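Dropping start.tsv in here (TSV, N, CA and C atoms):
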chain	number	residue	atom	x	y	z
A	148	MET	N	-30.08	87.29	-10.34
A	148	MET	CA	-30.06	85.95	-10.87
A	148	MET	C	-29.49	85.01	-9.80
A	149	PRO	N	-30.21	83.92	-9.46
A	149	PRO	CA	-29.72	82.99	-8.44
A	149	PRO	C	-28.49	82.23	-8.93
A	150	VAL	N	-27.62	81.90	-7.99
A	150	VAL	CA	-26.40	81.15	-8.30
A	150	VAL	C	-26.54	79.76	-7.70
A	151	ALA	N	-26.30	78.75	-8.52
A	151	ALA	CA	-26.36	77.36	-8.04
A	151	ALA	C	-25.01	76.99	-7.42
A	152	VAL	N	-25.06	76.53	-6.19
A	152	VAL	CA	-23.86	76.12	-5.50
A	152	VAL	C	-24.01	74.65	-5.12
A	153	PRO	N	-23.12	73.79	-5.63
A	153	PRO	CA	-23.22	72.36	-5.27
A	153	PRO	C	-22.93	72.17	-3.78
A	154	LEU	N	-23.72	71.35	-3.14
A	154	LEU	CA	-23.54	71.04	-1.72
A	154	LEU	C	-23.15	69.59	-1.58
A	155	LYS	N	-22.23	69.34	-0.69
A	155	LYS	CA	-21.88	67.96	-0.38
A	155	LYS	C	-22.28	67.71	1.06
A	156	ILE	N	-23.24	66.85	1.25
A	156	ILE	CA	-23.69	66.51	2.59
A	156	ILE	C	-22.99	65.22	2.99
A	157	THR	N	-22.17	65.29	4.01
A	157	THR	CA	-21.43	64.12	4.48
A	157	THR	C	-22.29	63.34	5.47
A	158	PRO	N	-22.44	62.03	5.25
A	158	PRO	CA	-23.21	61.21	6.18
A	158	PRO	C	-22.54	61.17	7.56
A	159	PRO	N	-23.29	60.84	8.61
A	159	PRO	CA	-22.70	60.71	9.94
A	159	PRO	C	-21.58	59.67	9.96
A	160	ALA	N	-20.65	59.82	10.89
A	160	ALA	CA	-19.47	58.95	10.97
A	160	ALA	C	-19.83	57.48	11.10
A	161	GLU	N	-20.90	57.16	11.85
A	161	GLU	CA	-21.25	55.75	12.02
A	161	GLU	C	-21.72	55.11	10.71
A	162	LEU	N	-22.10	55.93	9.74
A	162	LEU	CA	-22.49	55.39	8.44
A	162	LEU	C	-21.31	55.31	7.48
A	163	LEU	N	-20.16	55.81	7.89
A	163	LEU	CA	-18.97	55.76	7.04
A	163	LEU	C	-17.95	54.75	7.56
A	164	THR	N	-18.42	53.71	8.23
A	164	THR	CA	-17.56	52.65	8.74
A	164	THR	C	-17.60	51.47	7.78
A	165	CYS	N	-16.44	51.05	7.32
A	165	CYS	CA	-16.36	49.93	6.38
A	165	CYS	C	-16.91	48.66	7.03
A	166	ALA	N	-17.44	47.78	6.18
A	166	ALA	CA	-18.02	46.52	6.66
A	166	ALA	C	-16.96	45.64	7.31
A	167	GLU	N	-17.31	45.04	8.43
A	167	GLU	CA	-16.41	44.09	9.09
A	167	GLU	C	-16.72	42.70	8.55
A	168	ARG	N	-15.69	41.98	8.22
A	168	ARG	CA	-15.86	40.64	7.68
A	168	ARG	C	-15.29	39.63	8.68
A	169	PRO	N	-16.16	38.87	9.34
A	169	PRO	CA	-15.68	37.90	10.33
A	169	PRO	C	-15.00	36.71	9.64
A	170	ASP	N	-14.24	35.96	10.42
A	170	ASP	CA	-13.65	34.73	9.90
A	170	ASP	C	-14.77	33.77	9.51
A	171	GLY	N	-14.52	32.97	8.52
A	171	GLY	CA	-15.52	32.00	8.07
A	171	GLY	C	-15.57	30.77	8.96
A	172	LEU	N	-16.32	29.81	8.52
A	172	LEU	CA	-16.42	28.55	9.26
A	172	LEU	C	-15.10	27.77	9.12
A	173	PRO	N	-14.81	26.89	10.07
A	173	PRO	CA	-13.59	26.08	9.96
A	173	PRO	C	-13.66	25.22	8.68
A	174	GLU	N	-12.51	25.00	8.09
A	174	GLU	CA	-12.46	24.21	6.85
A	174	GLU	C	-12.15	22.75	7.13
A	175	ASP	N	-12.71	22.22	8.18
A	175	ASP	CA	-12.51	20.82	8.56
A	175	ASP	C	-13.46	19.95	7.74
A	176	PRO	N	-12.94	19.08	6.87
A	176	PRO	CA	-13.80	18.24	6.03
A	176	PRO	C	-14.78	17.38	6.83
A	177	GLN	N	-14.36	16.91	8.00
A	177	GLN	CA	-15.26	16.08	8.81
A	177	GLN	C	-16.43	16.91	9.33
A	178	LEU	N	-16.17	18.17	9.68
A	178	LEU	CA	-17.23	19.05	10.16
A	178	LEU	C	-18.24	19.34	9.05
A	179	VAL	N	-17.74	19.60	7.86
A	179	VAL	CA	-18.61	19.88	6.72
A	179	VAL	C	-19.43	18.64	6.37
A	180	ALA	N	-18.82	17.48	6.47
A	180	ALA	CA	-19.53	16.23	6.16
A	180	ALA	C	-20.67	15.98	7.13
A	181	GLN	N	-20.61	16.55	8.34
A	181	GLN	CA	-21.66	16.35	9.33
A	181	GLN	C	-22.85	17.28	9.10
A	182	MET	N	-22.66	18.33	8.32
A	182	MET	CA	-23.76	19.26	8.07
A	182	MET	C	-24.71	18.66	7.03
A	183	PRO	N	-25.99	18.65	7.31
A	183	PRO	CA	-26.94	18.19	6.30
A	183	PRO	C	-26.87	19.10	5.06
A	184	THR	N	-27.11	18.55	3.91
A	184	THR	CA	-26.99	19.27	2.65
A	184	THR	C	-27.84	20.54	2.62
A	185	ARG	N	-29.08	20.47	3.09
A	185	ARG	CA	-29.95	21.65	3.07
A	185	ARG	C	-29.42	22.74	4.00
A	186	LEU	N	-28.87	22.35	5.14
A	186	LEU	CA	-28.30	23.32	6.07
A	186	LEU	C	-27.07	23.98	5.45
A	187	ARG	N	-26.21	23.18	4.84
A	187	ARG	CA	-25.00	23.71	4.19
A	187	ARG	C	-25.39	24.70	3.09
A	188	ALA	N	-26.40	24.36	2.30
A	188	ALA	CA	-26.86	25.26	1.24
A	188	ALA	C	-27.37	26.57	1.83
A	189	GLY	N	-28.07	26.51	2.96
A	189	GLY	CA	-28.56	27.72	3.62
A	189	GLY	C	-27.42	28.60	4.12
A	190	VAL	N	-26.40	27.97	4.70
A	190	VAL	CA	-25.24	28.72	5.19
A	190	VAL	C	-24.54	29.40	4.01
A	191	ILE	N	-24.42	28.71	2.90
A	191	ILE	CA	-23.78	29.28	1.71
A	191	ILE	C	-24.58	30.47	1.21
A	192	ARG	N	-25.92	30.35	1.18
A	192	ARG	CA	-26.76	31.48	0.74
A	192	ARG	C	-26.58	32.69	1.66
A	193	LEU	N	-26.55	32.45	2.97
A	193	LEU	CA	-26.36	33.55	3.93
A	193	LEU	C	-24.99	34.21	3.74
A	194	ALA	N	-23.96	33.40	3.55
A	194	ALA	CA	-22.61	33.95	3.38
A	194	ALA	C	-22.53	34.79	2.11
A	195	ARG	N	-23.14	34.33	1.03
A	195	ARG	CA	-23.12	35.09	-0.22
A	195	ARG	C	-23.90	36.40	-0.08
A	196	ALA	N	-25.04	36.35	0.60
A	196	ALA	CA	-25.83	37.56	0.82
A	196	ALA	C	-25.05	38.56	1.68
A	197	PHE	N	-24.36	38.07	2.72
A	197	PHE	CA	-23.56	38.95	3.56
A	197	PHE	C	-22.43	39.58	2.74
A	198	ALA	N	-21.75	38.79	1.92
A	198	ALA	CA	-20.66	39.31	1.10
A	198	ALA	C	-21.16	40.38	0.13
A	199	THR	N	-22.33	40.16	-0.45
A	199	THR	CA	-22.91	41.15	-1.37
A	199	THR	C	-23.22	42.45	-0.64
A	200	ALA	N	-23.85	42.35	0.52
A	200	ALA	CA	-24.21	43.54	1.29
A	200	ALA	C	-22.96	44.28	1.78
A	201	ALA	N	-21.94	43.55	2.24
A	201	ALA	CA	-20.71	44.18	2.71
A	201	ALA	C	-20.00	44.89	1.56
A	202	GLY	N	-19.95	44.27	0.41
A	202	GLY	CA	-19.34	44.90	-0.76
A	202	GLY	C	-20.08	46.15	-1.18
A	203	ARG	N	-21.39	46.09	-1.14
A	203	ARG	CA	-22.22	47.24	-1.50
A	203	ARG	C	-21.97	48.40	-0.52
A	204	LEU	N	-21.89	48.09	0.77
A	204	LEU	CA	-21.63	49.11	1.79
A	204	LEU	C	-20.27	49.75	1.55
A	205	ASP	N	-19.26	48.95	1.30
A	205	ASP	CA	-17.92	49.49	1.07
A	205	ASP	C	-17.89	50.39	-0.17
A	206	ARG	N	-18.58	49.99	-1.24
A	206	ARG	CA	-18.63	50.82	-2.45
A	206	ARG	C	-19.34	52.14	-2.19
A	207	LEU	N	-20.41	52.11	-1.40
A	207	LEU	CA	-21.14	53.34	-1.06
A	207	LEU	C	-20.25	54.28	-0.24
A	208	ILE	N	-19.53	53.72	0.72
A	208	ILE	CA	-18.63	54.53	1.55
A	208	ILE	C	-17.53	55.12	0.69
A	209	ASP	N	-16.94	54.31	-0.21
A	209	ASP	CA	-15.89	54.82	-1.09
A	209	ASP	C	-16.41	55.88	-2.06
A	210	TRP	N	-17.66	55.82	-2.39
A	210	TRP	CA	-18.26	56.83	-3.26
A	210	TRP	C	-18.33	58.17	-2.52
A	211	ASN	N	-18.65	58.13	-1.23
A	211	ASN	CA	-18.74	59.34	-0.43
A	211	ASN	C	-17.36	59.82	0.03
A	212	ALA	N	-16.48	58.91	0.37
A	212	ALA	CA	-15.14	59.25	0.85
A	212	ALA	C	-14.15	58.29	0.19
A	213	PRO	N	-13.67	58.63	-1.02
A	213	PRO	CA	-12.80	57.74	-1.77
A	213	PRO	C	-11.58	57.28	-0.97
A	214	GLY	N	-11.28	55.99	-1.10
A	214	GLY	CA	-10.12	55.42	-0.45
A	214	GLY	C	-10.32	55.02	1.00
A	215	THR	N	-11.55	55.16	1.54
A	215	THR	CA	-11.79	54.83	2.93
A	215	THR	C	-11.69	53.32	3.17
A	216	CYS	N	-12.32	52.54	2.33
A	216	CYS	CA	-12.32	51.07	2.48
A	216	CYS	C	-11.31	50.48	1.50
A	217	ALA	N	-10.42	49.66	2.02
A	217	ALA	CA	-9.40	49.05	1.17
A	217	ALA	C	-10.04	48.04	0.21
A	218	PRO	N	-9.49	47.86	-0.98
A	218	PRO	CA	-10.01	46.83	-1.88
A	218	PRO	C	-9.91	45.46	-1.24
A	219	ALA	N	-10.71	44.52	-1.71
A	219	ALA	CA	-10.81	43.19	-1.10
A	219	ALA	C	-9.44	42.51	-0.95
A	220	GLY	N	-8.53	42.68	-1.87
A	220	GLY	CA	-7.23	42.04	-1.80
A	220	GLY	C	-6.30	42.65	-0.77
A	221	GLU	N	-6.61	43.83	-0.25
A	221	GLU	CA	-5.72	44.52	0.68
A	221	GLU	C	-6.22	44.48	2.11
A	222	ARG	N	-7.27	43.75	2.42
A	222	ARG	CA	-7.82	43.68	3.77
A	222	ARG	C	-7.09	42.66	4.59

Let me see whether you can do it: turn the structure in this file into structure tokens.
Amino acid sequence: MPVAVPLKITPPAELLTCAERPDGLPEDPQLVAQMPTRLRAGVIRLARAFATAAGRLDRLIDWNAPGTCAPAGER
């Protein structure tokens, strides 16, 4: 009778690196006022998409290796 043995395949190390989050844009009101509205909206969409992807990557890494990526408040 065959015996089922669970296998855990660990991804390569380069796939277990937590997402890097760069500093955002300067919070200078005059600089923001110079950005056209459509451009500002595009930058906001890109930033939200990046945050979603980075969060998803960190959750996937933590699923494979719990505790690897610190929660958002501890970074």

Stretch 201-208 of chain A: axis-aligned bounding box, 3 Å on each side, centre and edge lengths in Å, one decimal, as AutoDock Vina command-line options:
--center_x -19.9 --center_y 49.3 --center_z 0.1 --size_x 10.7 --size_y 17.6 --size_z 11.2

Between atom CA of A:Leu163 and atom CA of A:Ala196, what is the distance in Å, rounded to a tenth? 20.4 Å

Step one, run DSSP on the backbone; step two, keep only residues of chain A assigned to helix (DSSP H, G or I); then write them as a PyMOL selection string. chain A and resi 160-163+176-181+184-211+219-221

Find the spatial neighbours of A:Cys216, counting all atoms listed in the file, within a cut-off of 6.5 Å - ignore same-chain residues fewer than 3 positions away - and output them as JSON, numbers by chain. {"A": [165, 205, 208, 209, 212, 213]}
